[in-house]
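One structure is given below, encoded as structure tokens.
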Amino acid sequence: MNYTLKQKLMFIVPSAIGVFLFMVPLFVNHTWTIAVKLLSDVINGFIGLFVTSGG
């Protein structure tokens, strides 16, 4: 079965993003972490601002 370039990219791009988010270690603030943890910390920081300020 032959796939178009668009179909191939629709599989490859999200897969590559997933690999980056969960498997590629990043050295940030003198410690190793993964991108999902960084995103989680940023989102938690924004949510924390709204919760502590009362809206």
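Residue numbering restarts at 1 for every chain of the structure tokens, chains are lettered A, B, ... in their displayed order, and ligands are numbered from 1 as they appear.
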request  = Step one, run DSSP on the backbone; step two, keep only residues of chain A assigned to alpha helix (DSSP H); then write them as a PyMOL selection string.
outcome  = chain A and resi 5-23+35-53
Okay, now the selection with N, CA and C atoms, as an mmCIF file, in the first residue's frame?
data_model
loop_
_atom_site.group_PDB
_atom_site.id
_atom_site.type_symbol
_atom_site.label_atom_id
_atom_site.label_comp_id
_atom_site.auth_asym_id
_atom_site.auth_seq_id
_atom_site.Cartn_x
_atom_site.Cartn_y
_atom_site.Cartn_z
ATOM 1 N N LEU A 5 2.537 11.661 1.008
ATOM 2 C CA LEU A 5 3.439 12.393 1.898
ATOM 3 C C LEU A 5 2.670 12.966 3.081
ATOM 4 N N LYS A 6 1.477 13.464 2.831
ATOM 5 C CA LYS A 6 0.660 14.031 3.902
ATOM 6 C C LYS A 6 0.331 12.972 4.945
ATOM 7 N N GLN A 7 -0.028 11.766 4.513
ATOM 8 C CA GLN A 7 -0.341 10.687 5.445
ATOM 9 C C GLN A 7 0.877 10.287 6.260
ATOM 10 N N LYS A 8 2.032 10.242 5.614
ATOM 11 C CA LYS A 8 3.266 9.899 6.318
ATOM 12 C C LYS A 8 3.600 10.955 7.367
ATOM 13 N N LEU A 9 3.467 12.216 6.991
ATOM 14 C CA LEU A 9 3.763 13.296 7.928
ATOM 15 C C LEU A 9 2.771 13.339 9.075
ATOM 16 N N MET A 10 1.516 12.982 8.810
ATOM 17 C CA MET A 10 0.508 12.958 9.878
ATOM 18 C C MET A 10 0.826 11.881 10.915
ATOM 19 N N PHE A 11 1.617 10.907 10.552
ATOM 20 C CA PHE A 11 2.070 9.898 11.505
ATOM 21 C C PHE A 11 3.398 10.294 12.148
ATOM 22 N N ILE A 12 4.335 10.774 11.344
ATOM 23 C CA ILE A 12 5.693 11.037 11.818
ATOM 24 C C ILE A 12 5.767 12.235 12.758
ATOM 25 N N VAL A 13 5.094 13.329 12.428
ATOM 26 C CA VAL A 13 5.212 14.552 13.235
ATOM 27 C C VAL A 13 4.692 14.362 14.664
ATOM 28 N N PRO A 14 3.473 13.863 14.876
ATOM 29 C CA PRO A 14 3.027 13.648 16.264
ATOM 30 C C PRO A 14 3.890 12.623 17.005
ATOM 31 N N SER A 15 4.364 11.615 16.280
ATOM 32 C CA SER A 15 5.229 10.613 16.908
ATOM 33 C C SER A 15 6.533 11.248 17.372
ATOM 34 N N ALA A 16 7.120 12.092 16.551
ATOM 35 C CA ALA A 16 8.364 12.758 16.918
ATOM 36 C C ALA A 16 8.152 13.698 18.107
ATOM 37 N N ILE A 17 7.031 14.390 18.127
ATOM 38 C CA ILE A 17 6.719 15.268 19.265
ATOM 39 C C ILE A 17 6.588 14.450 20.542
ATOM 40 N N GLY A 18 5.917 13.314 20.468
ATOM 41 C CA GLY A 18 5.770 12.443 21.628
ATOM 42 C C GLY A 18 7.098 11.919 22.135
ATOM 43 N N VAL A 19 7.962 11.520 21.224
ATOM 44 C CA VAL A 19 9.292 11.052 21.625
ATOM 45 C C VAL A 19 10.038 12.176 22.325
ATOM 46 N N PHE A 20 9.991 13.376 21.767
ATOM 47 C CA PHE A 20 10.675 14.504 22.400
ATOM 48 C C PHE A 20 10.120 14.790 23.785
ATOM 49 N N LEU A 21 8.804 14.830 23.916
ATOM 50 C CA LEU A 21 8.193 15.185 25.195
ATOM 51 C C LEU A 21 8.495 14.181 26.297
ATOM 52 N N PHE A 22 8.556 12.893 25.968
ATOM 53 C CA PHE A 22 8.658 11.862 26.995
ATOM 54 C C PHE A 22 10.017 11.186 27.097
ATOM 55 N N MET A 23 10.861 11.285 26.078
ATOM 56 C CA MET A 23 12.075 10.478 26.096
ATOM 57 C C MET A 23 13.381 11.252 25.998
ATOM 58 N N ALA A 35 10.657 17.175 28.925
ATOM 59 C CA ALA A 35 9.863 18.331 28.501
ATOM 60 C C ALA A 35 8.466 18.329 29.121
ATOM 61 N N VAL A 36 7.865 17.163 29.288
ATOM 62 C CA VAL A 36 6.524 17.112 29.887
ATOM 63 C C VAL A 36 6.543 17.677 31.297
ATOM 64 N N LYS A 37 7.574 17.396 32.045
ATOM 65 C CA LYS A 37 7.694 17.923 33.412
ATOM 66 C C LYS A 37 7.822 19.442 33.381
ATOM 67 N N LEU A 38 8.574 19.965 32.433
ATOM 68 C CA LEU A 38 8.700 21.420 32.318
ATOM 69 C C LEU A 38 7.351 22.064 31.982
ATOM 70 N N LEU A 39 6.632 21.480 31.035
ATOM 71 C CA LEU A 39 5.306 22.000 30.695
ATOM 72 C C LEU A 39 4.360 21.935 31.885
ATOM 73 N N SER A 40 4.436 20.848 32.625
ATOM 74 C CA SER A 40 3.597 20.696 33.803
ATOM 75 C C SER A 40 3.897 21.779 34.835
ATOM 76 N N ASP A 41 5.166 22.064 35.046
ATOM 77 C CA ASP A 41 5.552 23.089 36.007
ATOM 78 C C ASP A 41 5.062 24.476 35.577
ATOM 79 N N VAL A 42 5.162 24.769 34.289
ATOM 80 C CA VAL A 42 4.709 26.072 33.785
ATOM 81 C C VAL A 42 3.198 26.221 33.954
ATOM 82 N N ILE A 43 2.460 25.201 33.564
ATOM 83 C CA ILE A 43 0.995 25.245 33.702
ATOM 84 C C ILE A 43 0.597 25.343 35.169
ATOM 85 N N ASN A 44 1.270 24.578 36.014
ATOM 86 C CA ASN A 44 0.979 24.624 37.448
ATOM 87 C C ASN A 44 1.281 26.014 38.020
ATOM 88 N N GLY A 45 2.321 26.655 37.530
ATOM 89 C CA GLY A 45 2.644 28.010 37.977
ATOM 90 C C GLY A 45 1.555 29.002 37.621
ATOM 91 N N PHE A 46 1.034 28.916 36.385
ATOM 92 C CA PHE A 46 -0.044 29.807 35.976
ATOM 93 C C PHE A 46 -1.312 29.544 36.769
ATOM 94 N N ILE A 47 -1.647 28.300 36.962
ATOM 95 C CA ILE A 47 -2.849 27.962 37.722
ATOM 96 C C ILE A 47 -2.701 28.434 39.170
ATOM 97 N N GLY A 48 -1.513 28.252 39.718
ATOM 98 C CA GLY A 48 -1.258 28.677 41.090
ATOM 99 C C GLY A 48 -1.432 30.178 41.268
ATOM 100 N N LEU A 49 -1.070 30.948 40.260
ATOM 101 C CA LEU A 49 -1.253 32.401 40.330
ATOM 102 C C LEU A 49 -2.729 32.762 40.462
ATOM 103 N N PHE A 50 -3.583 32.090 39.702
ATOM 104 C CA PHE A 50 -5.010 32.379 39.747
ATOM 105 C C PHE A 50 -5.651 31.893 41.032
ATOM 106 N N VAL A 51 -5.202 30.756 41.521
ATOM 107 C CA VAL A 51 -5.793 30.204 42.740
ATOM 108 C C VAL A 51 -5.419 31.048 43.951
ATOM 109 N N THR A 52 -4.165 31.471 44.034
ATOM 110 C CA THR A 52 -3.737 32.228 45.204
ATOM 111 C C THR A 52 -4.225 33.679 45.165
ATOM 112 N N SER A 53 -4.468 34.213 43.962
ATOM 113 C CA SER A 53 -4.918 35.608 43.889
ATOM 114 C C SER A 53 -6.443 35.737 43.990
#
Considering only strand (DSSP E or B) as DSSP defines it on the backbone, what residues of segment 4-52 of chain A qualify? List them as a compact mmCIF listing (two decimals) with C-alpha atoms, in the first residue's frame.
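Below is the file result.txt, written as the result:
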# COMPACT_ATOMS: atom_id res chain seq x y z
CA PRO A 25 16.29 14.47 28.63
CA LEU A 26 16.84 18.21 29.05
CA PHE A 27 19.36 19.86 31.36
CA VAL A 28 17.56 22.77 33.05
CA THR A 31 19.24 19.11 36.81
CA TRP A 32 18.02 16.62 34.22
CA THR A 33 14.31 16.50 33.40
CA ILE A 34 11.93 15.85 30.49
